[in-house]
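Below is one structure; the comments refer to it alone.
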Amino acid sequence: MQVLYFAWLRERIGKGSETVDPPADVATPAALIDWLKSREERYVAAFQDVSAVKVAIDQKQADMTTSLAGAREVAFFPPVTGG
Amino acid sequence: MQVLYFAWLRERIGKGSETVDPPADVATPAALIDWLKSREERYVAAFQDVSAVKVAIDQKQADMTTSLAGAREVAFFPPVTGG
Amino acid sequence: MSVRVQTDDFDINAEIAALTNGRADIGAVVTFTGLVRDAEGSVSEMTLEHYPGMTEAALTEIEAEARARWPLQGVTIIHRVGPLAPADQIVLVIAASRHRQAAFEAAAFLMDYLKTRAAFWKKEASPDGDASWVDARESDEAAAERWGRT
Amino acid sequence: MSVRVQTDDFDINAEIAALTNGRADIGAVVTFTGLVRDAEGSVSEMTLEHYPGMTEAALTEIEAEARARWPLQGVTIIHRVGPLAPADQIVLVIAASRHRQAAFEAAAFLMDYLKTRAAFWKKEASPDGDASWVDARESDEAAAERWGRT
């Protein structure tokens with residue numbers, strides 16, 4: 001599974017993307033965040049306030065509780081500020 | 001007093017402006033129209049439907065009952081259609 | 001001069017640049033351009049007549065009214081007169097502000113007021129030689145009234 | 001292509017011409033241009049980051065939504081990415097329609113949706129070298145919500 005990070009999430013984690021292989025019980029974006037935080041300190045810092053983090057699954061806006069079944073690309077990012 | 005006509009009023013009357021010297025009892029645009037109509041047939045045709053005619057006195061939007069006292073320029077025209 | 005009545009065409013890029021050039025306090029620029037429409041092939045030429053002096057005064061008043069209602073860094077109103085062909089530009093309104101809502105609202109307001117308060121009249125000539133004055137639209141009056149009395 | 005994400009600047013005249021050229025069924029063109037604002041001299045550079053692929057998809061979806069809501073003859077959305085300086089153009093939205101109300105509403109709608117639905121992020125660098133990500137504004141969310149759920 002490809003995981004992407006944008007804006008200050010990318011900067012705090014120190015990379016824009018990575019390929020991960022979480023265990024089968026990581027079934028939602030919320031669970032994926034918990035699993036990432038359990039692995040390294042920088043994820044704890046990046047995902048400190050999850051209420052400020054948005055998620056997209058295969059480039060579609062999703063929720064933290066959306067199923068990750070079949071997902072190839074999961075992206076985490078702050079609220080958008082374009083325009 | 002200078003009287004101006006625009007758009008189809010100008011065309012029906014056959015001129016864009018004229019200098020007139022109405023009697024003292026012509027005190028409003030409505031009275032001015034009646035006086036013009038009494039003089040020539042083409043004004044009757046032009047001012048057939050006064051509800052479709054707007055008036056400005058000295059380049060300020062006015063009403064048919066506004067006083068003409070001191071007026072130098074009175075303009076009659078249909079509803080505006082610019083833009 | 002931010003209010004102009006002219007026979008010449010206008011250049012939108014140049015007009016925007018004249019408002020914004022060198023200024024970093026503008027975040028939003030909204031332009032409205034009105035074009036001569038001929039959807040049915042029934043218009044060969046349009047002629048714009050106006051009331052010289054009174055139109056400029058009305059546009060200046062409309063601009064002042066917009067500046068009183070919204071925080072605007074710049075306003076431009078250009079209206080053409082004389083003969084025009086289908087697809088030609090008739091009118092340009094530009095509103096520049098810090099934020100987009102003020103710029104959008106001011107531009108819409110300027111057009112609504114211009115449509116009902118500025119002394120311009122359109123005459124359309126058809127390919128067969130007929131010519132007729134365009135009727136005022138009640139919807140324009142209603143659009144202007146939504147901004148409240150002044 | 002009516003939806004573009006690019007590092008290059010855009011030319012408003014050329015973009016309007018691309019929509020309207022040779023067409024006489026368009027009566028109203030509204031453009032919105034967003035500029036890098038630096039009212040207090042605190043921004044030396046702005047950088048726009050985006051989510052390639054997802055941004056284009058979102059903009060295409062926003063365009064389709066606008067076309068479903070209003071009778072539009074043309075829509076253009078251009079958003080720049082990469083480093084920008086104060087007063088630089090960031091975003092351009094154009095809506096062309098027969099009448100002005102549809103063009104104004106569609107352009108405002110496009111911007112409100114773009115501000116809240118398209119994956120762009122702004123980072124501002126100050127002259128002293130500090131850099132910070134711009135916070136999302138609640139007023140943008142409120143502006144998008146006034147158009148109702150989709």
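Numbering starts fresh at 1 for the residues of each chain in the structure tokens, the chains themselves are lettered A, B, ... in the order given, and ligands are numbered from 1 as they appear.
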
- Any idea what's packed within 12 Å of Lys15 in chain B, counting only C-alpha atoms, ignoring anything in its chain fewer than 4 positions away? Could you give it as a VMD selection string? chain B and resid 3 to 11 19 42 to 43 46

Moved coordinates, chain B onto chain A, all Cα atoms, as a PDB file with N, CA and C atoms, in the first residue's frame:
```pdb
ATOM      1  N   MET B   1       0.854  -1.176   0.006  1.00  0.00           N
ATOM      2  CA  MET B   1       0.010   0.019  -0.005  1.00  0.00           C
ATOM      3  C   MET B   1       0.882   1.279   0.000  1.00  0.00           C
ATOM      4  N   GLN B   2       0.545   2.215  -0.909  1.00  0.00           N
ATOM      5  CA  GLN B   2       1.287   3.468  -0.992  1.00  0.00           C
ATOM      6  C   GLN B   2       0.626   4.477  -0.043  1.00  0.00           C
ATOM      7  N   VAL B   3       1.425   5.116   0.807  1.00  0.00           N
ATOM      8  CA  VAL B   3       0.877   6.159   1.683  1.00  0.00           C
ATOM      9  C   VAL B   3       1.538   7.492   1.341  1.00  0.00           C
ATOM     10  N   LEU B   4       0.695   8.528   1.127  1.00  0.00           N
ATOM     11  CA  LEU B   4       1.219   9.854   0.765  1.00  0.00           C
ATOM     12  C   LEU B   4       0.957  10.858   1.876  1.00  0.00           C
ATOM     13  N   TYR B   5       1.875  11.797   2.021  1.00  0.00           N
ATOM     14  CA  TYR B   5       1.727  12.861   3.013  1.00  0.00           C
ATOM     15  C   TYR B   5       1.935  14.197   2.320  1.00  0.00           C
ATOM     16  N   PHE B   6       1.098  15.191   2.681  1.00  0.00           N
ATOM     17  CA  PHE B   6       1.225  16.506   2.063  1.00  0.00           C
ATOM     18  C   PHE B   6       1.379  17.609   3.095  1.00  0.00           C
ATOM     19  N   ALA B   7       1.941  18.728   2.635  1.00  0.00           N
ATOM     20  CA  ALA B   7       2.088  19.966   3.425  1.00  0.00           C
ATOM     21  C   ALA B   7       2.838  19.684   4.726  1.00  0.00           C
ATOM     22  N   TRP B   8       2.328  20.168   5.871  1.00  0.00           N
ATOM     23  CA  TRP B   8       3.128  20.006   7.101  1.00  0.00           C
ATOM     24  C   TRP B   8       3.201  18.560   7.571  1.00  0.00           C
ATOM     25  N   LEU B   9       2.293  17.707   7.129  1.00  0.00           N
ATOM     26  CA  LEU B   9       2.427  16.275   7.454  1.00  0.00           C
ATOM     27  C   LEU B   9       3.666  15.692   6.774  1.00  0.00           C
ATOM     28  N   ARG B  10       3.830  16.060   5.490  1.00  0.00           N
ATOM     29  CA  ARG B  10       5.015  15.613   4.755  1.00  0.00           C
ATOM     30  C   ARG B  10       6.298  16.089   5.444  1.00  0.00           C
ATOM     31  N   GLU B  11       6.271  17.367   5.851  1.00  0.00           N
ATOM     32  CA  GLU B  11       7.478  17.911   6.485  1.00  0.00           C
ATOM     33  C   GLU B  11       7.782  17.233   7.823  1.00  0.00           C
ATOM     34  N   ARG B  12       6.742  16.999   8.634  1.00  0.00           N
ATOM     35  CA  ARG B  12       6.986  16.398   9.952  1.00  0.00           C
ATOM     36  C   ARG B  12       7.436  14.945   9.849  1.00  0.00           C
ATOM     37  N   ILE B  13       6.892  14.254   8.826  1.00  0.00           N
ATOM     38  CA  ILE B  13       7.250  12.842   8.667  1.00  0.00           C
ATOM     39  C   ILE B  13       8.569  12.711   7.902  1.00  0.00           C
ATOM     40  N   GLY B  14       8.887  13.738   7.146  1.00  0.00           N
ATOM     41  CA  GLY B  14      10.173  13.743   6.472  1.00  0.00           C
ATOM     42  C   GLY B  14      10.185  13.040   5.131  1.00  0.00           C
ATOM     43  N   LYS B  15       9.007  12.697   4.637  1.00  0.00           N
ATOM     44  CA  LYS B  15       8.936  12.140   3.281  1.00  0.00           C
ATOM     45  C   LYS B  15       7.526  12.334   2.709  1.00  0.00           C
ATOM     46  N   GLY B  16       7.426  12.332   1.414  1.00  0.00           N
ATOM     47  CA  GLY B  16       6.149  12.575   0.764  1.00  0.00           C
ATOM     48  C   GLY B  16       5.368  11.303   0.484  1.00  0.00           C
ATOM     49  N   SER B  17       6.078  10.181   0.449  1.00  0.00           N
ATOM     50  CA  SER B  17       5.371   8.925   0.199  1.00  0.00           C
ATOM     51  C   SER B  17       6.224   7.755   0.671  1.00  0.00           C
ATOM     52  N   GLU B  18       5.559   6.650   0.932  1.00  0.00           N
ATOM     53  CA  GLU B  18       6.264   5.418   1.311  1.00  0.00           C
ATOM     54  C   GLU B  18       5.347   4.242   1.022  1.00  0.00           C
ATOM     55  N   THR B  19       5.959   3.106   0.848  1.00  0.00           N
ATOM     56  CA  THR B  19       5.184   1.881   0.662  1.00  0.00           C
ATOM     57  C   THR B  19       5.190   1.129   1.994  1.00  0.00           C
ATOM     58  N   VAL B  20       4.006   0.805   2.476  1.00  0.00           N
ATOM     59  CA  VAL B  20       3.920   0.100   3.763  1.00  0.00           C
ATOM     60  C   VAL B  20       3.127  -1.200   3.580  1.00  0.00           C
ATOM     61  N   ASP B  21       3.287  -2.087   4.525  1.00  0.00           N
ATOM     62  CA  ASP B  21       2.592  -3.379   4.451  1.00  0.00           C
ATOM     63  C   ASP B  21       2.037  -3.691   5.843  1.00  0.00           C
ATOM     64  N   PRO B  22       0.959  -2.970   6.231  1.00  0.00           N
ATOM     65  CA  PRO B  22       0.435  -3.133   7.588  1.00  0.00           C
ATOM     66  C   PRO B  22      -0.246  -4.490   7.756  1.00  0.00           C
ATOM     67  N   PRO B  23      -0.356  -4.972   9.000  1.00  0.00           N
ATOM     68  CA  PRO B  23      -1.054  -6.246   9.249  1.00  0.00           C
ATOM     69  C   PRO B  23      -2.525  -6.151   8.849  1.00  0.00           C
ATOM     70  N   ALA B  24      -3.137  -7.309   8.708  1.00  0.00           N
ATOM     71  CA  ALA B  24      -4.512  -7.392   8.190  1.00  0.00           C
ATOM     72  C   ALA B  24      -5.531  -6.662   9.054  1.00  0.00           C
ATOM     73  N   ASP B  25      -5.253  -6.536  10.372  1.00  0.00           N
ATOM     74  CA  ASP B  25      -6.241  -5.874  11.235  1.00  0.00           C
ATOM     75  C   ASP B  25      -6.217  -4.350  11.125  1.00  0.00           C
ATOM     76  N   VAL B  26      -5.329  -3.797  10.299  1.00  0.00           N
ATOM     77  CA  VAL B  26      -5.331  -2.351  10.027  1.00  0.00           C
ATOM     78  C   VAL B  26      -6.324  -2.115   8.883  1.00  0.00           C
ATOM     79  N   ALA B  27      -7.587  -1.876   9.294  1.00  0.00           N
ATOM     80  CA  ALA B  27      -8.679  -1.906   8.310  1.00  0.00           C
ATOM     81  C   ALA B  27      -9.220  -0.532   7.936  1.00  0.00           C
ATOM     82  N   THR B  28      -8.760   0.530   8.651  1.00  0.00           N
ATOM     83  CA  THR B  28      -9.252   1.885   8.392  1.00  0.00           C
ATOM     84  C   THR B  28      -8.083   2.875   8.430  1.00  0.00           C
ATOM     85  N   PRO B  29      -8.278   4.107   7.901  1.00  0.00           N
ATOM     86  CA  PRO B  29      -7.229   5.127   8.026  1.00  0.00           C
ATOM     87  C   PRO B  29      -6.869   5.388   9.491  1.00  0.00           C
ATOM     88  N   ALA B  30      -7.860   5.399  10.390  1.00  0.00           N
ATOM     89  CA  ALA B  30      -7.567   5.621  11.813  1.00  0.00           C
ATOM     90  C   ALA B  30      -6.622   4.544  12.335  1.00  0.00           C
ATOM     91  N   ALA B  31      -6.880   3.308  11.965  1.00  0.00           N
ATOM     92  CA  ALA B  31      -6.026   2.204  12.406  1.00  0.00           C
ATOM     93  C   ALA B  31      -4.641   2.294  11.771  1.00  0.00           C
ATOM     94  N   LEU B  32      -4.613   2.764  10.515  1.00  0.00           N
ATOM     95  CA  LEU B  32      -3.323   2.927   9.836  1.00  0.00           C
ATOM     96  C   LEU B  32      -2.467   3.972  10.556  1.00  0.00           C
ATOM     97  N   ILE B  33      -3.104   5.057  10.986  1.00  0.00           N
ATOM     98  CA  ILE B  33      -2.380   6.104  11.729  1.00  0.00           C
ATOM     99  C   ILE B  33      -1.834   5.520  13.034  1.00  0.00           C
ATOM    100  N   ASP B  34      -2.672   4.770  13.767  1.00  0.00           N
ATOM    101  CA  ASP B  34      -2.220   4.177  15.028  1.00  0.00           C
ATOM    102  C   ASP B  34      -1.028   3.247  14.785  1.00  0.00           C
ATOM    103  N   TRP B  35      -1.123   2.488  13.719  1.00  0.00           N
ATOM    104  CA  TRP B  35      -0.042   1.550  13.403  1.00  0.00           C
ATOM    105  C   TRP B  35       1.263   2.288  13.062  1.00  0.00           C
ATOM    106  N   LEU B  36       1.124   3.387  12.252  1.00  0.00           N
ATOM    107  CA  LEU B  36       2.309   4.196  11.911  1.00  0.00           C
ATOM    108  C   LEU B  36       2.925   4.805  13.177  1.00  0.00           C
ATOM    109  N   LYS B  37       2.074   5.311  14.072  1.00  0.00           N
ATOM    110  CA  LYS B  37       2.555   5.936  15.308  1.00  0.00           C
ATOM    111  C   LYS B  37       3.294   4.921  16.198  1.00  0.00           C
ATOM    112  N   SER B  38       2.844   3.678  16.136  1.00  0.00           N
ATOM    113  CA  SER B  38       3.475   2.649  16.977  1.00  0.00           C
ATOM    114  C   SER B  38       4.885   2.314  16.484  1.00  0.00           C
ATOM    115  N   ARG B  39       5.173   2.696  15.233  1.00  0.00           N
ATOM    116  CA  ARG B  39       6.458   2.323  14.652  1.00  0.00           C
ATOM    117  C   ARG B  39       7.541   3.371  14.894  1.00  0.00           C
ATOM    118  N   GLU B  40       7.151   4.669  14.786  1.00  0.00           N
ATOM    119  CA  GLU B  40       8.195   5.699  14.879  1.00  0.00           C
ATOM    120  C   GLU B  40       7.647   6.973  15.501  1.00  0.00           C
ATOM    121  N   GLU B  41       8.540   7.614  16.256  1.00  0.00           N
ATOM    122  CA  GLU B  41       8.193   8.837  17.002  1.00  0.00           C
ATOM    123  C   GLU B  41       7.680   9.965  16.085  1.00  0.00           C
ATOM    124  N   ARG B  42       8.288  10.104  14.904  1.00  0.00           N
ATOM    125  CA  ARG B  42       7.898  11.225  14.027  1.00  0.00           C
ATOM    126  C   ARG B  42       6.431  11.140  13.582  1.00  0.00           C
ATOM    127  N   TYR B  43       5.877   9.945  13.515  1.00  0.00           N
ATOM    128  CA  TYR B  43       4.453   9.820  13.170  1.00  0.00           C
ATOM    129  C   TYR B  43       3.590  10.297  14.329  1.00  0.00           C
ATOM    130  N   VAL B  44       4.080  10.066  15.562  1.00  0.00           N
ATOM    131  CA  VAL B  44       3.359  10.556  16.751  1.00  0.00           C
ATOM    132  C   VAL B  44       3.266  12.080  16.687  1.00  0.00           C
ATOM    133  N   ALA B  45       4.392  12.725  16.352  1.00  0.00           N
ATOM    134  CA  ALA B  45       4.408  14.189  16.247  1.00  0.00           C
ATOM    135  C   ALA B  45       3.500  14.668  15.101  1.00  0.00           C
ATOM    136  N   ALA B  46       3.575  13.972  13.985  1.00  0.00           N
ATOM    137  CA  ALA B  46       2.798  14.395  12.807  1.00  0.00           C
ATOM    138  C   ALA B  46       1.292  14.219  13.021  1.00  0.00           C
ATOM    139  N   PHE B  47       0.925  13.130  13.661  1.00  0.00           N
ATOM    140  CA  PHE B  47      -0.507  12.824  13.832  1.00  0.00           C
ATOM    141  C   PHE B  47      -0.999  13.141  15.242  1.00  0.00           C
ATOM    142  N   GLN B  48      -0.356  14.144  15.861  1.00  0.00           N
ATOM    143  CA  GLN B  48      -0.721  14.565  17.212  1.00  0.00           C
ATOM    144  C   GLN B  48      -2.204  14.923  17.302  1.00  0.00           C
ATOM    145  N   ASP B  49      -2.642  15.764  16.359  1.00  0.00           N
ATOM    146  CA  ASP B  49      -4.051  16.208  16.363  1.00  0.00           C
ATOM    147  C   ASP B  49      -4.733  15.670  15.109  1.00  0.00           C
ATOM    148  N   VAL B  50      -5.345  14.520  15.231  1.00  0.00           N
ATOM    149  CA  VAL B  50      -5.934  13.867  14.058  1.00  0.00           C
ATOM    150  C   VAL B  50      -7.158  14.627  13.534  1.00  0.00           C
ATOM    151  N   SER B  51      -7.753  15.474  14.398  1.00  0.00           N
ATOM    152  CA  SER B  51      -8.924  16.244  13.945  1.00  0.00           C
ATOM    153  C   SER B  51      -8.512  17.223  12.836  1.00  0.00           C
ATOM    154  N   ALA B  52      -7.214  17.536  12.739  1.00  0.00           N
ATOM    155  CA  ALA B  52      -6.739  18.464  11.703  1.00  0.00           C
ATOM    156  C   ALA B  52      -6.243  17.727  10.462  1.00  0.00           C
ATOM    157  N   VAL B  53      -6.471  16.417  10.400  1.00  0.00           N
ATOM    158  CA  VAL B  53      -5.947  15.629   9.285  1.00  0.00           C
ATOM    159  C   VAL B  53      -7.098  15.076   8.431  1.00  0.00           C
ATOM    160  N   LYS B  54      -6.948  15.240   7.123  1.00  0.00           N
ATOM    161  CA  LYS B  54      -7.922  14.702   6.171  1.00  0.00           C
ATOM    162  C   LYS B  54      -7.310  13.481   5.499  1.00  0.00           C
ATOM    163  N   VAL B  55      -8.172  12.630   4.953  1.00  0.00           N
ATOM    164  CA  VAL B  55      -7.668  11.433   4.297  1.00  0.00           C
ATOM    165  C   VAL B  55      -8.367  11.219   2.959  1.00  0.00           C
ATOM    166  N   ALA B  56      -7.602  10.701   2.002  1.00  0.00           N
ATOM    167  CA  ALA B  56      -8.187  10.287   0.724  1.00  0.00           C
ATOM    168  C   ALA B  56      -7.725   8.860   0.441  1.00  0.00           C
ATOM    169  N   ILE B  57      -8.635   8.044  -0.062  1.00  0.00           N
ATOM    170  CA  ILE B  57      -8.289   6.672  -0.427  1.00  0.00           C
ATOM    171  C   ILE B  57      -8.415   6.559  -1.941  1.00  0.00           C
ATOM    172  N   ASP B  58      -7.338   6.154  -2.576  1.00  0.00           N
ATOM    173  CA  ASP B  58      -7.288   6.097  -4.039  1.00  0.00           C
ATOM    174  C   ASP B  58      -7.819   7.388  -4.667  1.00  0.00           C
ATOM    175  N   GLN B  59      -7.326   8.507  -4.098  1.00  0.00           N
ATOM    176  CA  GLN B  59      -7.620   9.857  -4.602  1.00  0.00           C
ATOM    177  C   GLN B  59      -9.076  10.289  -4.447  1.00  0.00           C
ATOM    178  N   LYS B  60      -9.827   9.591  -3.586  1.00  0.00           N
ATOM    179  CA  LYS B  60     -11.197  10.029  -3.270  1.00  0.00           C
ATOM    180  C   LYS B  60     -11.233  10.419  -1.796  1.00  0.00           C
ATOM    181  N   GLN B  61     -11.823  11.577  -1.504  1.00  0.00           N
ATOM    182  CA  GLN B  61     -11.981  12.012  -0.117  1.00  0.00           C
ATOM    183  C   GLN B  61     -12.668  10.882   0.672  1.00  0.00           C
ATOM    184  N   ALA B  62     -12.133  10.578   1.860  1.00  0.00           N
ATOM    185  CA  ALA B  62     -12.688   9.488   2.674  1.00  0.00           C
ATOM    186  C   ALA B  62     -12.732   9.925   4.129  1.00  0.00           C
ATOM    187  N   ASP B  63     -13.210   9.038   4.985  1.00  0.00           N
ATOM    188  CA  ASP B  63     -13.240   9.299   6.430  1.00  0.00           C
ATOM    189  C   ASP B  63     -12.209   8.423   7.116  1.00  0.00           C
ATOM    190  N   MET B  64     -11.945   8.751   8.374  1.00  0.00           N
ATOM    191  CA  MET B  64     -10.991   7.961   9.156  1.00  0.00           C
ATOM    192  C   MET B  64     -11.511   6.545   9.402  1.00  0.00           C
ATOM    193  N   THR B  65     -12.814   6.346   9.214  1.00  0.00           N
ATOM    194  CA  THR B  65     -13.406   5.029   9.470  1.00  0.00           C
ATOM    195  C   THR B  65     -13.764   4.275   8.185  1.00  0.00           C
ATOM    196  N   THR B  66     -13.444   4.889   7.021  1.00  0.00           N
ATOM    197  CA  THR B  66     -13.705   4.205   5.746  1.00  0.00           C
ATOM    198  C   THR B  66     -12.834   2.936   5.659  1.00  0.00           C
ATOM    199  N   SER B  67     -13.392   1.903   5.049  1.00  0.00           N
ATOM    200  CA  SER B  67     -12.623   0.657   4.920  1.00  0.00           C
ATOM    201  C   SER B  67     -11.442   0.821   3.973  1.00  0.00           C
ATOM    202  N   LEU B  68     -10.330   0.239   4.335  1.00  0.00           N
ATOM    203  CA  LEU B  68      -9.138   0.272   3.471  1.00  0.00           C
ATOM    204  C   LEU B  68      -9.078  -0.938   2.532  1.00  0.00           C
ATOM    205  N   ALA B  69     -10.128  -1.754   2.562  1.00  0.00           N
ATOM    206  CA  ALA B  69     -10.111  -2.977   1.741  1.00  0.00           C
ATOM    207  C   ALA B  69      -9.866  -2.628   0.266  1.00  0.00           C
ATOM    208  N   GLY B  70      -8.844  -3.194  -0.302  1.00  0.00           N
ATOM    209  CA  GLY B  70      -8.533  -2.974  -1.713  1.00  0.00           C
ATOM    210  C   GLY B  70      -7.807  -1.674  -2.018  1.00  0.00           C
ATOM    211  N   ALA B  71      -7.537  -0.870  -0.994  1.00  0.00           N
ATOM    212  CA  ALA B  71      -6.906   0.429  -1.230  1.00  0.00           C
ATOM    213  C   ALA B  71      -5.468   0.271  -1.705  1.00  0.00           C
ATOM    214  N   ARG B  72      -5.117   1.031  -2.759  1.00  0.00           N
ATOM    215  CA  ARG B  72      -3.728   1.019  -3.220  1.00  0.00           C
ATOM    216  C   ARG B  72      -2.983   2.268  -2.767  1.00  0.00           C
ATOM    217  N   GLU B  73      -3.740   3.398  -2.627  1.00  0.00           N
ATOM    218  CA  GLU B  73      -3.082   4.668  -2.287  1.00  0.00           C
ATOM    219  C   GLU B  73      -3.888   5.382  -1.201  1.00  0.00           C
ATOM    220  N   VAL B  74      -3.267   5.633  -0.059  1.00  0.00           N
ATOM    221  CA  VAL B  74      -3.914   6.370   1.023  1.00  0.00           C
ATOM    222  C   VAL B  74      -3.122   7.657   1.236  1.00  0.00           C
ATOM    223  N   ALA B  75      -3.831   8.784   1.257  1.00  0.00           N
ATOM    224  CA  ALA B  75      -3.138  10.077   1.418  1.00  0.00           C
ATOM    225  C   ALA B  75      -3.641  10.786   2.661  1.00  0.00           C
ATOM    226  N   PHE B  76      -2.713  11.346   3.433  1.00  0.00           N
ATOM    227  CA  PHE B  76      -3.061  12.154   4.605  1.00  0.00           C
ATOM    228  C   PHE B  76      -2.597  13.587   4.353  1.00  0.00           C
ATOM    229  N   PHE B  77      -3.453  14.549   4.710  1.00  0.00           N
ATOM    230  CA  PHE B  77      -3.096  15.959   4.466  1.00  0.00           C
ATOM    231  C   PHE B  77      -3.935  16.889   5.340  1.00  0.00           C
ATOM    232  N   PRO B  78      -3.453  18.111   5.552  1.00  0.00           N
ATOM    233  CA  PRO B  78      -4.244  19.093   6.308  1.00  0.00           C
ATOM    234  C   PRO B  78      -5.383  19.635   5.444  1.00  0.00           C
ATOM    235  N   PRO B  79      -6.319  20.379   6.056  1.00  0.00           N
ATOM    236  CA  PRO B  79      -7.378  21.015   5.267  1.00  0.00           C
ATOM    237  C   PRO B  79      -6.772  21.832   4.125  1.00  0.00           C
ATOM    238  N   VAL B  80      -7.434  21.809   2.977  1.00  0.00           N
ATOM    239  CA  VAL B  80      -6.866  22.434   1.782  1.00  0.00           C
ATOM    240  C   VAL B  80      -6.930  23.960   1.866  1.00  0.00           C
ATOM    241  N   THR B  81      -5.975  24.631   1.230  1.00  0.00           N
ATOM    242  CA  THR B  81      -5.900  26.098   1.281  1.00  0.00           C
ATOM    243  C   THR B  81      -5.523  26.683  -0.078  1.00  0.00           C
ATOM    244  N   GLY B  82      -6.076  26.092  -1.147  1.00  0.00           N
ATOM    245  CA  GLY B  82      -5.772  26.604  -2.484  1.00  0.00           C
ATOM    246  C   GLY B  82      -6.603  27.829  -2.821  1.00  0.00           C
ATOM    247  N   GLY B  83      -6.577  28.187  -4.089  1.00  0.00           N
ATOM    248  CA  GLY B  83      -7.378  29.324  -4.554  1.00  0.00           C
ATOM    249  C   GLY B  83      -6.565  30.565  -4.491  1.00  0.00           C
TER     250      GLY B  83
END
```

Shell around Ala64 in chain D at 12 Å using only C-alpha atoms, local window under 3 positions removed, as a compact mmCIF listing (two decimals) with N, CA and C atoms, in the first residue's frame:
```
# COMPACT_ATOMS: atom_id res chain seq x y z
N SER D 2 -10.13 22.43 -20.26
CA SER D 2 -10.67 23.55 -19.51
C SER D 2 -10.23 23.51 -18.04
N VAL D 3 -9.56 22.44 -17.61
CA VAL D 3 -9.06 22.37 -16.23
C VAL D 3 -7.56 22.10 -16.29
N ALA D 57 -8.72 15.74 -10.81
CA ALA D 57 -9.99 15.03 -10.72
C ALA D 57 -11.02 15.90 -9.98
N ALA D 58 -10.57 16.54 -8.89
CA ALA D 58 -11.49 17.38 -8.11
C ALA D 58 -11.95 18.57 -8.93
N LEU D 59 -11.03 19.21 -9.65
CA LEU D 59 -11.41 20.38 -10.46
C LEU D 59 -12.38 19.98 -11.58
N THR D 60 -12.13 18.82 -12.18
CA THR D 60 -13.02 18.34 -13.24
C THR D 60 -14.42 18.07 -12.68
N GLU D 61 -14.46 17.52 -11.46
CA GLU D 61 -15.74 17.25 -10.80
C GLU D 61 -16.47 18.56 -10.47
N ARG D 67 -21.60 22.99 -14.32
CA ARG D 67 -22.33 22.86 -15.59
C ARG D 67 -23.71 22.23 -15.39
N ALA D 68 -23.83 21.39 -14.37
CA ALA D 68 -25.13 20.78 -14.08
C ALA D 68 -26.08 21.79 -13.44
N ARG D 69 -25.51 22.76 -12.72
CA ARG D 69 -26.35 23.72 -12.00
C ARG D 69 -26.74 24.94 -12.82
N TRP D 70 -25.87 25.37 -13.74
CA TRP D 70 -26.13 26.58 -14.52
C TRP D 70 -25.95 26.29 -16.00
N PRO D 71 -26.70 27.00 -16.87
CA PRO D 71 -26.50 26.83 -18.32
C PRO D 71 -25.25 27.60 -18.74
N LEU D 72 -24.12 26.89 -18.88
CA LEU D 72 -22.84 27.54 -19.16
C LEU D 72 -22.36 27.18 -20.56
N GLY D 74 -19.22 27.94 -21.35
CA GLY D 74 -17.80 27.63 -21.19
C GLY D 74 -17.34 27.80 -19.76
N VAL D 75 -16.40 26.96 -19.35
CA VAL D 75 -15.81 27.04 -18.01
C VAL D 75 -14.31 26.81 -18.14
N THR D 76 -13.51 27.61 -17.48
CA THR D 76 -12.07 27.38 -17.42
C THR D 76 -11.63 27.46 -15.96
N ILE D 77 -10.80 26.52 -15.56
CA ILE D 77 -10.20 26.57 -14.21
C ILE D 77 -8.70 26.32 -14.38
N ALA D 106 -22.02 30.93 -11.12
CA ALA D 106 -21.16 29.78 -11.41
C ALA D 106 -19.71 30.08 -11.02
N PHE D 109 -19.43 29.99 -7.26
CA PHE D 109 -19.54 28.59 -6.85
C PHE D 109 -18.24 27.83 -7.10
N LEU D 110 -17.68 28.00 -8.29
CA LEU D 110 -16.43 27.31 -8.64
C LEU D 110 -15.33 27.65 -7.64
N TYR D 113 -16.09 26.08 -4.12
CA TYR D 113 -15.82 24.64 -4.09
C TYR D 113 -14.33 24.35 -4.21
N THR D 150 -24.15 18.25 -2.17
CA THR D 150 -24.19 17.68 -3.53
C THR D 150 -24.20 16.16 -3.44
```

- Task: Rank D:Ala18, D:Pro52, D:Thr47, D:Arg98 by their smallest atom-to-atom distance to chain C, using only C-alpha atoms, and report the top residue only.
- Result: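 Closest residue, counting only C-alpha atoms: D:Arg98.
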
- Item | Shell of 12 Å around Lys115 in chain C, only C-alpha atoms, local chain residues under 5 positions omitted, as a PyMOL selection string | (chain B and resi 79-83) or (chain C and resi 34+55+58-59+62+79+91+93+108-110+120-122+136-145) or (chain D and resi 100)

- Query: Got a sec: who's within 12 Å of Leu19 in chain C, counting only C-alpha atoms, leaving out chain neighbours fewer than 5 positions off, as an MDAnalysis selection string?
  - Reply: (chainID C and resid 1:2 12:14 24:26 28:31 72:77 93:97) or (chainID D and resid 87)

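Every residue of chain B with a DSSP assignment of strand (DSSP E or B), taken from the backbone, is listed as Gln2, Val3, Leu4, Tyr5, Ser17, Glu18, Thr19, Lys54, Val55, Ala56, Ile57, Lys60, Gln61, Ala62, Glu73, Val74, Ala75, Phe76 and Phe77 of chain B.
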
- Task: Apply DSSP to the structure's backbone, then extract all residues of range 5-144 of chain D labelled helix (DSSP H, G or I) and return them as number ranges by chain.
- Result: D: 12-20, 54-69, 100-117, 138-144

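One distance worth recording is that between CA of Arg4 in chain C and CA of Gly82 in chain C, which is 13.9 Å.
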
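The interatomic distance for the pair CA of Leu114 in chain D and CA of Glu63 in chain D works out to 9.6 Å.
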
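The interatomic distance for the pair CA of Met46 in chain C and CA of Asp8 in chain C works out to 14.5 Å.
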